[in-house]
file protein35.tsv (TSV, C-alpha atoms)
chain	number	residue	atom	x	y	z
A	309	MET	CA	38.89	72.34	122.05
A	310	SER	CA	36.52	73.36	124.73
A	311	GLY	CA	38.92	72.89	127.63
A	312	SER	CA	39.01	75.13	130.61
A	313	SER	CA	41.08	78.35	130.63
A	314	SER	CA	43.73	76.80	132.87
A	315	GLU	CA	44.53	74.11	130.29
A	316	GLY	CA	45.14	75.79	127.07
A	317	GLY	CA	44.70	79.43	126.03
A	318	GLU	CA	48.18	80.63	126.97
A	319	PRO	CA	51.01	79.88	124.60
A	320	ASP	CA	54.42	78.95	125.99
A	321	LEU	CA	56.50	82.11	125.47
A	322	THR	CA	59.81	80.67	126.68
A	323	PRO	CA	61.16	79.49	123.26
A	324	ILE	CA	60.32	82.78	121.54
A	325	LEU	CA	61.95	84.69	124.38
A	326	ASP	CA	65.05	82.53	123.99
A	327	MET	CA	65.18	83.26	120.30
A	328	VAL	CA	64.71	87.00	120.76
A	329	PHE	CA	67.49	87.12	123.35
A	330	GLN	CA	69.77	85.27	120.96
A	331	LEU	CA	68.98	87.81	118.23
A	332	ILE	CA	69.67	90.67	120.67
A	333	THR	CA	73.00	89.08	121.57
A	334	PHE	CA	73.89	88.77	117.88
A	335	PHE	CA	73.12	92.42	117.13
A	336	MET	CA	74.98	93.58	120.23
A	337	LEU	CA	78.08	91.65	119.17
A	338	VAL	CA	78.08	92.89	115.57
A	339	MET	CA	77.24	96.47	116.49
A	340	ASN	CA	79.87	98.73	114.95
A	341	PHE	CA	80.49	101.87	116.94
A	342	LYS	CA	83.20	103.01	114.51
A	343	ALA	CA	80.62	103.39	111.73
A	344	ALA	CA	79.33	106.50	113.46
A	345	ALA	CA	82.54	108.28	112.46
A	346	LEU	CA	82.02	107.49	108.79
A	347	ASP	CA	80.05	109.69	106.43
A	348	LEU	CA	78.45	106.99	104.29
A	349	THR	CA	77.17	109.51	101.74
A	350	LEU	CA	80.71	109.93	100.41
A	351	LYS	CA	81.62	107.93	97.33
A	352	LEU	CA	85.15	106.66	97.72
A	353	PRO	CA	87.40	105.86	94.74
A	354	VAL	CA	88.02	102.22	93.83
A	355	ILE	CA	91.70	101.32	94.25
A	356	GLY	CA	93.16	97.84	93.89
A	357	SER	CA	95.96	98.15	96.42
A	358	ALA	CA	93.77	99.61	99.17
A	359	MET	CA	93.90	96.99	101.87
A	360	PRO	CA	92.11	96.84	105.19
A	361	VAL	CA	94.55	97.38	108.02
A	362	ASP	CA	93.72	96.17	111.48
A	363	THR	CA	95.65	98.19	114.03
A	364	GLN	CA	94.44	95.90	116.84
A	365	GLY	CA	93.50	99.06	118.73
A	366	GLN	CA	97.16	99.91	119.26
A	367	GLU	CA	97.09	103.06	117.17
A	368	GLU	CA	94.86	106.03	117.65
A	369	LEU	CA	92.91	107.04	114.57
A	370	LEU	CA	91.34	110.36	113.70
A	371	VAL	CA	88.75	109.98	110.94
A	372	LEU	CA	88.11	113.04	108.78
A	373	ASN	CA	85.38	113.07	106.11
A	374	LEU	CA	85.90	115.47	103.20
A	375	SER	CA	82.98	116.25	100.90
A	376	THR	CA	83.04	117.43	97.29
A	377	THR	CA	82.41	120.98	98.47
A	378	GLY	CA	85.48	120.85	100.71
A	379	ASP	CA	83.54	120.62	103.97
A	380	LEU	CA	85.13	118.64	106.76
A	381	THR	CA	82.78	116.52	108.86
A	382	VAL	CA	83.57	114.52	111.97
A	383	TYR	CA	80.89	112.26	113.51
A	384	GLY	CA	78.33	113.96	111.31
A	385	ASN	CA	79.21	117.48	112.43
A	386	LYS	CA	80.80	120.06	110.20
A	387	VAL	CA	83.98	121.36	111.85
A	388	GLU	CA	86.34	124.26	111.32
A	389	LEU	CA	89.60	122.76	110.07
A	390	ASP	CA	92.39	124.61	111.86
A	391	GLY	CA	90.72	124.82	115.25
A	392	TYR	CA	89.69	121.18	115.23
A	393	ILE	CA	93.09	119.86	114.14
A	394	ALA	CA	94.84	122.02	116.75
A	395	ALA	CA	92.58	120.63	119.47
A	396	GLU	CA	93.10	117.03	118.31
A	397	ALA	CA	96.86	117.54	118.18
A	398	GLU	CA	96.79	118.66	121.79
A	399	VAL	CA	94.68	115.63	122.72
A	400	SER	CA	97.14	113.33	120.95
A	401	ARG	CA	100.07	114.99	122.73
A	402	LEU	CA	98.39	114.60	126.12
A	403	ALA	CA	97.50	110.96	125.37
A	404	ALA	CA	101.13	110.26	124.52
A	405	LYS	CA	102.23	112.00	127.69
A	406	ARG	CA	99.94	109.75	129.75
A	407	LYS	CA	101.73	106.78	128.22
A	408	GLY	CA	105.06	108.26	129.32
A	409	GLU	CA	106.06	109.59	125.91
A	410	GLU	CA	106.90	113.29	125.96
A	411	ILE	CA	106.37	114.98	122.59
A	412	GLU	CA	107.75	118.45	122.02
A	413	PRO	CA	105.48	121.00	120.32
A	414	GLY	CA	105.93	120.43	116.58
A	415	GLY	CA	107.19	116.88	117.15
A	416	GLU	CA	105.74	113.86	115.38
A	417	LEU	CA	102.41	112.75	116.84
A	418	PRO	CA	101.48	109.04	117.05
A	419	THR	CA	97.90	109.47	115.83
A	420	THR	CA	97.07	108.31	112.30
A	421	ILE	CA	94.89	110.68	110.29
A	422	VAL	CA	92.31	108.71	108.29
A	423	ILE	CA	91.02	110.77	105.38
A	424	ARG	CA	87.78	109.69	103.72
A	425	SER	CA	87.40	111.97	100.75
A	426	ASP	CA	84.78	111.86	98.03
A	427	GLU	CA	86.19	110.74	94.70
A	428	ALA	CA	85.11	114.00	93.07
A	429	SER	CA	86.71	116.32	95.62
A	430	ALA	CA	89.51	118.54	94.38
A	431	PHE	CA	93.14	118.19	95.42
A	432	LYS	CA	93.22	121.73	96.82
A	433	ASP	CA	90.71	120.71	99.53
A	434	LEU	CA	92.61	117.52	100.35
A	435	TYR	CA	95.90	119.41	100.44
A	436	ARG	CA	94.41	122.01	102.80
A	437	VAL	CA	93.52	119.21	105.24
A	438	ILE	CA	96.87	117.41	104.90
A	439	LYS	CA	98.83	120.64	105.34
A	440	ALA	CA	96.86	121.63	108.43
A	441	CYS	CA	97.59	118.21	109.94
A	442	GLN	CA	101.28	118.36	109.00
A	443	ASP	CA	101.62	121.82	110.52
A	444	ARG	CA	100.37	120.39	113.83
A	445	GLY	CA	102.76	117.43	113.82
A	446	PHE	CA	100.73	114.62	112.26
A	447	ARG	CA	102.81	112.50	109.88
A	448	LYS	CA	100.95	109.22	109.55
A	449	PHE	CA	98.07	109.26	107.11
A	450	ALA	CA	95.67	106.68	105.72
A	451	LEU	CA	93.78	107.56	102.56
A	452	LYS	CA	90.56	105.57	102.33
A	453	ALA	CA	89.32	103.90	99.17
A	454	THR	CA	86.90	101.17	98.24
A	455	ARG	CA	88.26	97.77	97.32
A	456	PRO	CA	87.17	96.35	93.97
A	457	GLU	CA	84.52	93.61	94.15
B	558	MET	CA	57.88	77.55	153.98
B	559	SER	CA	56.52	77.82	150.48
B	560	ARG	CA	57.90	74.40	149.56
B	561	ARG	CA	55.29	72.79	151.71
B	562	ARG	CA	52.45	74.38	149.80
B	563	GLY	CA	50.60	72.44	147.16
B	564	LYS	CA	51.20	72.61	143.40
B	565	SER	CA	48.24	74.86	142.89
B	566	SER	CA	50.08	77.80	144.52
B	567	GLU	CA	53.18	77.73	142.18
B	568	VAL	CA	54.34	81.17	141.07
B	569	LYS	CA	54.02	81.72	137.31
B	570	LEU	CA	56.22	84.30	135.66
B	571	ASN	CA	54.43	86.55	133.23
B	572	LEU	CA	56.76	86.34	130.24
B	573	ALA	CA	54.72	88.64	128.05
B	574	ALA	CA	56.17	91.80	129.62
B	575	MET	CA	59.71	90.52	129.28
B	576	LEU	CA	59.02	89.55	125.68
B	577	ASP	CA	57.73	93.05	124.98
B	578	MET	CA	60.92	94.55	126.34
B	579	ALA	CA	63.07	92.08	124.43
B	580	PHE	CA	61.28	92.92	121.18
B	581	GLN	CA	61.84	96.61	121.81
B	582	LEU	CA	65.53	96.00	122.35
B	583	LEU	CA	65.64	93.88	119.22
B	584	ALA	CA	63.89	96.60	117.22
B	585	PHE	CA	66.45	99.15	118.44
B	586	PHE	CA	69.42	97.02	117.43
B	587	VAL	CA	67.89	96.15	114.04
B	588	LEU	CA	67.13	99.79	113.25
B	589	THR	CA	70.54	101.11	114.32
B	590	PHE	CA	72.49	98.30	112.63
B	591	LYS	CA	74.97	99.56	110.05
B	592	PRO	CA	77.18	96.99	108.38
B	593	ASP	CA	80.83	97.94	108.10
B	594	PRO	CA	81.52	99.22	104.55
B	595	ALA	CA	84.13	97.27	102.59
B	596	GLU	CA	86.81	99.92	102.70
B	597	GLY	CA	90.55	99.72	102.34
B	598	GLN	CA	93.24	102.27	102.85
B	599	ILE	CA	96.64	103.27	101.61
B	600	LEU	CA	98.97	104.00	104.49
B	601	LEU	CA	101.35	106.86	103.85
B	602	ARG	CA	104.02	108.67	105.71
B	603	LEU	CA	103.72	112.31	104.69
B	604	PRO	CA	106.52	114.55	105.88
B	605	PRO	CA	106.18	118.22	104.97
B	606	PRO	CA	107.76	118.94	101.58
B	607	GLU	CA	111.37	120.11	101.62
B	608	ALA	CA	113.23	122.27	99.16
B	609	VAL	CA	114.73	120.15	96.40
B	610	ALA	CA	117.89	120.99	94.48
B	611	MET	CA	116.69	120.23	90.97
B	612	VAL	CA	119.37	120.37	88.31
B	613	LYS	CA	118.05	121.59	84.98
B	614	THR	CA	119.26	119.91	81.81
B	615	ASN	CA	121.20	122.96	80.61
B	616	GLN	CA	122.43	124.12	84.02
B	617	GLN	CA	126.16	124.41	84.69
B	618	ALA	CA	127.83	123.49	87.97
B	619	GLY	CA	127.84	126.41	90.40
B	620	GLN	CA	125.52	128.43	88.20
B	621	ASP	CA	122.82	128.67	90.86
B	622	ALA	CA	124.21	130.93	93.58
B	623	ASN	CA	121.24	130.23	95.85
B	624	ASN	CA	121.91	126.52	95.93
B	625	THR	CA	124.02	126.13	99.04
B	626	ASN	CA	123.36	122.44	99.54
B	627	PRO	CA	123.28	120.64	96.20
B	628	VAL	CA	122.88	117.23	97.84
B	629	GLU	CA	119.66	118.22	99.55
B	630	GLY	CA	116.66	116.55	97.99
B	631	ILE	CA	118.69	114.12	95.92
B	632	GLU	CA	116.76	111.24	97.45
B	633	SER	CA	113.47	112.69	96.21
B	634	LEU	CA	111.79	111.77	92.98
B	635	ILE	CA	109.44	114.42	91.64
B	636	ILE	CA	106.20	113.59	89.86
B	637	THR	CA	104.23	116.48	88.44
B	638	ILE	CA	100.54	116.12	87.60
B	639	ASP	CA	98.71	118.91	85.86
B	640	SER	CA	94.96	119.06	85.62
B	641	ARG	CA	92.57	121.53	84.08
B	642	ASN	CA	89.27	119.69	84.45
B	643	GLY	CA	89.91	117.18	87.23
B	644	SER	CA	91.56	114.43	85.20
B	645	ILE	CA	95.27	113.91	84.52
B	646	ASP	CA	96.27	116.20	81.63
B	647	THR	CA	100.05	115.98	81.79
B	648	LEU	CA	102.24	113.71	83.84
B	649	LYS	CA	105.95	114.33	84.35
B	650	LEU	CA	108.61	112.32	86.11
B	651	GLY	CA	111.39	114.76	86.91
B	652	ASP	CA	111.82	116.75	83.71
B	653	GLY	CA	110.63	113.96	81.45
B	654	MET	CA	107.08	113.88	80.14
B	655	ILE	CA	105.18	110.62	80.52
B	656	GLY	CA	103.38	109.89	77.24
B	657	GLY	CA	100.09	108.14	76.70
B	658	ALA	CA	96.67	108.75	75.20
B	659	GLY	CA	94.64	108.40	78.36
B	660	SER	CA	95.13	108.29	82.09
B	661	GLN	CA	95.46	104.50	82.08
B	662	GLU	CA	98.29	104.52	79.54
B	663	LYS	CA	100.07	107.35	81.32
B	664	LEU	CA	99.88	105.54	84.66
B	665	GLY	CA	101.12	102.33	83.05
B	666	ALA	CA	104.11	104.18	81.59
B	667	LEU	CA	104.74	105.88	84.95
B	668	SER	CA	104.73	102.55	86.73
B	669	ALA	CA	107.26	101.12	84.25
B	670	ARG	CA	109.54	104.18	84.56
B	671	LEU	CA	109.38	104.13	88.36
B	672	GLY	CA	110.28	100.45	88.32
B	673	VAL	CA	113.35	101.12	86.18
B	674	ILE	CA	114.47	104.01	88.41
B	675	LEU	CA	113.88	102.35	91.79
B	676	GLU	CA	114.93	98.80	90.95
B	677	PRO	CA	118.78	99.17	90.82
B	678	LYS	CA	120.55	98.37	94.07
B	679	ASP	CA	122.44	101.68	93.93
B	680	SER	CA	119.26	103.74	93.53
B	681	THR	CA	119.31	106.55	96.07
B	682	PHE	CA	115.65	107.57	95.84
B	683	LYS	CA	113.71	107.10	99.05
B	684	GLN	CA	110.69	109.32	98.65
B	685	VAL	CA	108.44	110.86	96.05
B	686	ILE	CA	107.26	114.43	95.89
B	687	LEU	CA	103.95	114.79	94.08
B	688	GLN	CA	103.38	118.21	92.59
B	689	VAL	CA	99.68	118.24	91.88
B	690	GLY	CA	97.38	120.65	90.09
B	691	SER	CA	94.78	122.07	92.45
B	692	LYS	CA	91.82	120.84	90.37
B	693	LEU	CA	92.85	117.19	90.20
B	694	ARG	CA	90.10	114.88	91.42
B	695	TYR	CA	90.76	112.66	94.42
B	696	ASP	CA	90.17	109.43	92.48
B	697	GLU	CA	92.77	110.39	89.85
B	698	LEU	CA	95.25	111.32	92.58
B	699	MET	CA	94.65	107.99	94.32
B	700	ARG	CA	95.47	106.15	91.10
B	701	VAL	CA	98.86	107.90	90.96
B	702	ILE	CA	99.43	107.17	94.66
B	703	ASP	CA	98.45	103.56	93.97
B	704	VAL	CA	101.16	103.33	91.30
B	705	CYS	CA	103.74	104.85	93.67
B	706	THR	CA	102.91	102.68	96.68
B	707	ARG	CA	103.15	99.50	94.57
B	708	GLN	CA	106.85	100.26	93.97
B	709	THR	CA	109.51	98.56	96.03
B	710	LEU	CA	112.68	100.36	97.11
B	711	PRO	CA	116.10	98.69	96.80
B	712	THR	CA	115.94	98.09	100.55
B	713	GLY	CA	112.92	95.83	100.00
B	714	GLU	CA	110.51	98.25	101.65
B	715	LYS	CA	107.43	99.57	99.92
B	716	LEU	CA	107.51	103.19	98.84
B	717	THR	CA	105.22	104.95	101.31
B	718	LYS	CA	107.07	108.18	101.92
B	719	LEU	CA	105.34	110.82	99.85
B	720	SER	CA	105.04	114.58	99.99
B	721	PHE	CA	102.47	116.74	98.30
B	722	VAL	CA	102.89	120.17	96.79
B	723	GLU	CA	99.97	122.09	95.31
B	724	LEU	CA	100.59	123.60	91.92
B	725	PRO	CA	98.79	126.73	90.84
B	726	ASP	CA	96.58	126.24	87.77
B	727	GLY	CA	98.61	125.62	84.61
B	728	ALA	CA	101.96	125.76	86.38
B	729	ALA	CA	103.07	122.30	85.24
B	730	GLY	CA	103.05	123.33	81.62
B	731	ALA	CA	105.25	126.33	82.29
B	732	PRO	CA	108.94	126.03	81.43
call {"tool": "encode", "arguments": {"input": "protein35.tsv", "output": "structure tokens"}}
result
Amino acid sequence: MSGSSSEGGEPDLTPILDMVFQLITFFMLVMNFKAAALDLTLKLPVIGSAMPVDTQGQEELLVLNLSTTGDLTVYGNKVELDGYIAAEAEVSRLAAKRKGEEIEPGGELPTTIVIRSDEASAFKDLYRVIKACQDRGFRKFALKATRPE
Amino acid sequence: MSRRRGKSSEVKLNLAAMLDMAFQLLAFFVLTFKPDPAEGQILLRLPPPEAVAMVKTNQQAGQDANNTNPVEGIESLIITIDSRNGSIDTLKLGDGMIGGAGSQEKLGALSARLGVILEPKDSTFKQVILQVGSKLRYDELMRVIDVCTRQTLPTGEKLTKLSFVELPDGAAGAP
């Protein structure tokens, strides 16, 4: 109890440091960078046949969030539809060209458009987005929904 | 050199500073952690809609002078959904009305009709064109898409080739 300062006042911090580093490693491994592209305020419809599809990183995805008011947001920023889709189409075309695949203007682009739309949004807003993508050459679409519990 | 010194001169690492930094890192990762939402998706191939040569029930052969390619669009099945307040008001498959009291009954009847049409080996339909009222809610549309994508074509493939056409308000009820 009344030992000198060299004997006992300092706790051994090594185990707690080990544990904290293990926790840091865990959170680094489960960190989801893709979640930044998702607008989690949107309420998606519940559809039984909506299945998670793992593209194994082989396919490029373009995530578009569509609100009930018809606003399009990407990574939390509201974007102007036609200009943004045109720019992304050009990026997709250039990416395909880097892989040795030449795509003519108006040709089918390899990127999959992932649409996350609120369940209460109107079809006219969804159709506006789909049509803008189709006009730029996108053909592959994934409509997001929530899976039933 | 230092090995020859006595035990009293051993270097002690001050772990408190490292622990502080580690806790700060941990706090950052805990605060920015967002679990992946349990989401699924319906994969679709959406070509732009093409003109379809629809033959009306009372139409005679050669009556439509504008129809230069009567075979065009014969592989397309047309589903028309009209909506005035966001939900499915009327549902048509081709010219035929799909009956039912509510959306659930209508979708059940649609699923049965699609199964009958697409099941035969000689069925030529390969895609579905959805003509949709502009006010239809996304969740109602997804339920119709869900019914369509559950269907299997005679080739054994799932029906994923859909096209959308926006209907002006009240157009589906027009003759």
call {"tool": "closest_atom_pairs", "arguments": {"input": "protein35.tsv", "of": "chain B", "to": "chain A", "cutoff": "9 Å", "atoms": "only C-alpha atoms", "output": "JSON lines"}}
result
{"residue": "B:Leu572", "atom": "CA", "partner": "A:Leu321", "partner_atom": "CA", "distance": 6.4}
{"residue": "B:Ala573", "atom": "CA", "partner": "A:Leu321", "partner_atom": "CA", "distance": 7.2}
{"residue": "B:Met575", "atom": "CA", "partner": "A:Leu325", "partner_atom": "CA", "distance": 7.9}
{"residue": "B:Leu576", "atom": "CA", "partner": "A:Leu325", "partner_atom": "CA", "distance": 5.8}
{"residue": "B:Ala579", "atom": "CA", "partner": "A:Val328", "partner_atom": "CA", "distance": 6.5}
{"residue": "B:Phe580", "atom": "CA", "partner": "A:Val328", "partner_atom": "CA", "distance": 6.9}
{"residue": "B:Leu582", "atom": "CA", "partner": "A:Ile332", "partner_atom": "CA", "distance": 7.0}
{"residue": "B:Leu583", "atom": "CA", "partner": "A:Ile332", "partner_atom": "CA", "distance": 5.4}
{"residue": "B:Ala584", "atom": "CA", "partner": "A:Ile332", "partner_atom": "CA", "distance": 9.0}
{"residue": "B:Phe586", "atom": "CA", "partner": "A:Phe335", "partner_atom": "CA", "distance": 5.9}
{"residue": "B:Val587", "atom": "CA", "partner": "A:Phe335", "partner_atom": "CA", "distance": 7.1}
{"residue": "B:Thr589", "atom": "CA", "partner": "A:Met339", "partner_atom": "CA", "distance": 8.4}
{"residue": "B:Phe590", "atom": "CA", "partner": "A:Met339", "partner_atom": "CA", "distance": 6.4}
{"residue": "B:Lys591", "atom": "CA", "partner": "A:Asn340", "partner_atom": "CA", "distance": 7.0}
{"residue": "B:Pro592", "atom": "CA", "partner": "A:Asn340", "partner_atom": "CA", "distance": 7.3}
{"residue": "B:Asp593", "atom": "CA", "partner": "A:Ala343", "partner_atom": "CA", "distance": 6.6}
{"residue": "B:Pro594", "atom": "CA", "partner": "A:Ala343", "partner_atom": "CA", "distance": 8.4}
{"residue": "B:Ala595", "atom": "CA", "partner": "A:Thr454", "partner_atom": "CA", "distance": 6.5}
{"residue": "B:Glu596", "atom": "CA", "partner": "A:Thr454", "partner_atom": "CA", "distance": 4.6}
{"residue": "B:Gly597", "atom": "CA", "partner": "A:Pro360", "partner_atom": "CA", "distance": 4.3}
{"residue": "B:Gln598", "atom": "CA", "partner": "A:Lys452", "partner_atom": "CA", "distance": 4.3}
{"residue": "B:Ile599", "atom": "CA", "partner": "A:Leu451", "partner_atom": "CA", "distance": 5.2}
{"residue": "B:Leu600", "atom": "CA", "partner": "A:Ala450", "partner_atom": "CA", "distance": 4.4}
{"residue": "B:Leu601", "atom": "CA", "partner": "A:Phe449", "partner_atom": "CA", "distance": 5.2}
{"residue": "B:Arg602", "atom": "CA", "partner": "A:Lys448", "partner_atom": "CA", "distance": 4.9}
{"residue": "B:Leu603", "atom": "CA", "partner": "A:Arg447", "partner_atom": "CA", "distance": 5.3}
{"residue": "B:Pro604", "atom": "CA", "partner": "A:Arg447", "partner_atom": "CA", "distance": 5.8}
{"residue": "B:Pro605", "atom": "CA", "partner": "A:Gln442", "partner_atom": "CA", "distance": 6.3}
{"residue": "B:Gly643", "atom": "CA", "partner": "A:Ala430", "partner_atom": "CA", "distance": 7.3}
{"residue": "B:Val689", "atom": "CA", "partner": "A:Phe431", "partner_atom": "CA", "distance": 7.4}
{"residue": "B:Gly690", "atom": "CA", "partner": "A:Phe431", "partner_atom": "CA", "distance": 7.2}
{"residue": "B:Ser691", "atom": "CA", "partner": "A:Lys432", "partner_atom": "CA", "distance": 4.7}
{"residue": "B:Lys692", "atom": "CA", "partner": "A:Ala430", "partner_atom": "CA", "distance": 5.2}
{"residue": "B:Leu693", "atom": "CA", "partner": "A:Phe431", "partner_atom": "CA", "distance": 5.3}
{"residue": "B:Arg694", "atom": "CA", "partner": "A:Ala430", "partner_atom": "CA", "distance": 4.7}
{"residue": "B:Tyr695", "atom": "CA", "partner": "A:Glu427", "partner_atom": "CA", "distance": 5.0}
{"residue": "B:Asp696", "atom": "CA", "partner": "A:Glu427", "partner_atom": "CA", "distance": 4.7}
{"residue": "B:Glu697", "atom": "CA", "partner": "A:Glu427", "partner_atom": "CA", "distance": 8.2}
{"residue": "B:Leu698", "atom": "CA", "partner": "A:Phe431", "partner_atom": "CA", "distance": 7.7}
{"residue": "B:Met699", "atom": "CA", "partner": "A:Ile355", "partner_atom": "CA", "distance": 7.3}
{"residue": "B:Arg700", "atom": "CA", "partner": "A:Ile355", "partner_atom": "CA", "distance": 6.9}
{"residue": "B:Asp703", "atom": "CA", "partner": "A:Ser357", "partner_atom": "CA", "distance": 6.4}
{"residue": "B:Val704", "atom": "CA", "partner": "A:Ser357", "partner_atom": "CA", "distance": 8.9}
{"residue": "B:Thr706", "atom": "CA", "partner": "A:Ser357", "partner_atom": "CA", "distance": 8.3}
{"residue": "B:Arg707", "atom": "CA", "partner": "A:Ser357", "partner_atom": "CA", "distance": 7.5}
{"residue": "B:Phe721", "atom": "CA", "partner": "A:Tyr435", "partner_atom": "CA", "distance": 7.4}
{"residue": "B:Val722", "atom": "CA", "partner": "A:Tyr435", "partner_atom": "CA", "distance": 7.9}
{"residue": "B:Glu723", "atom": "CA", "partner": "A:Lys432", "partner_atom": "CA", "distance": 6.9}
call {"tool": "atom_distance", "arguments": {"input": "protein35.tsv", "atom1": "CA of Ile636 in chain B", "atom2": "CA of Lys649 in chain B"}}
result
5.6 Å
call {"tool": "atom_distance", "arguments": {"input": "protein35.tsv", "atom1": "CA of Gly414 in chain A", "atom2": "CA of Asp390 in chain A"}}
result
14.9 Å
call {"tool": "closest_residue", "arguments": {"input": "protein35.tsv", "among": "B:Gln688, B:Asp652, B:Thr709, B:Leu667", "to": "Ser640 in chain B", "atoms": "only C-alpha atoms"}}
result
B:Gln688
call {"tool": "atom_distance", "arguments": {"input": "protein35.tsv", "atom1": "CA of Gly651 in chain B", "atom2": "CA of Leu716 in chain B"}}
result
17.1 Å
call {"tool": "axis_aligned_box", "arguments": {"input": "protein35.tsv", "around": "range 335-349 of chain A", "padding_each_side": "3 Å", "output": "JSON"}}
result
{"center_x": 78.2, "center_y": 100.7, "center_z": 111.0, "size_x": 16.1, "size_y": 24.0, "size_z": 24.5}
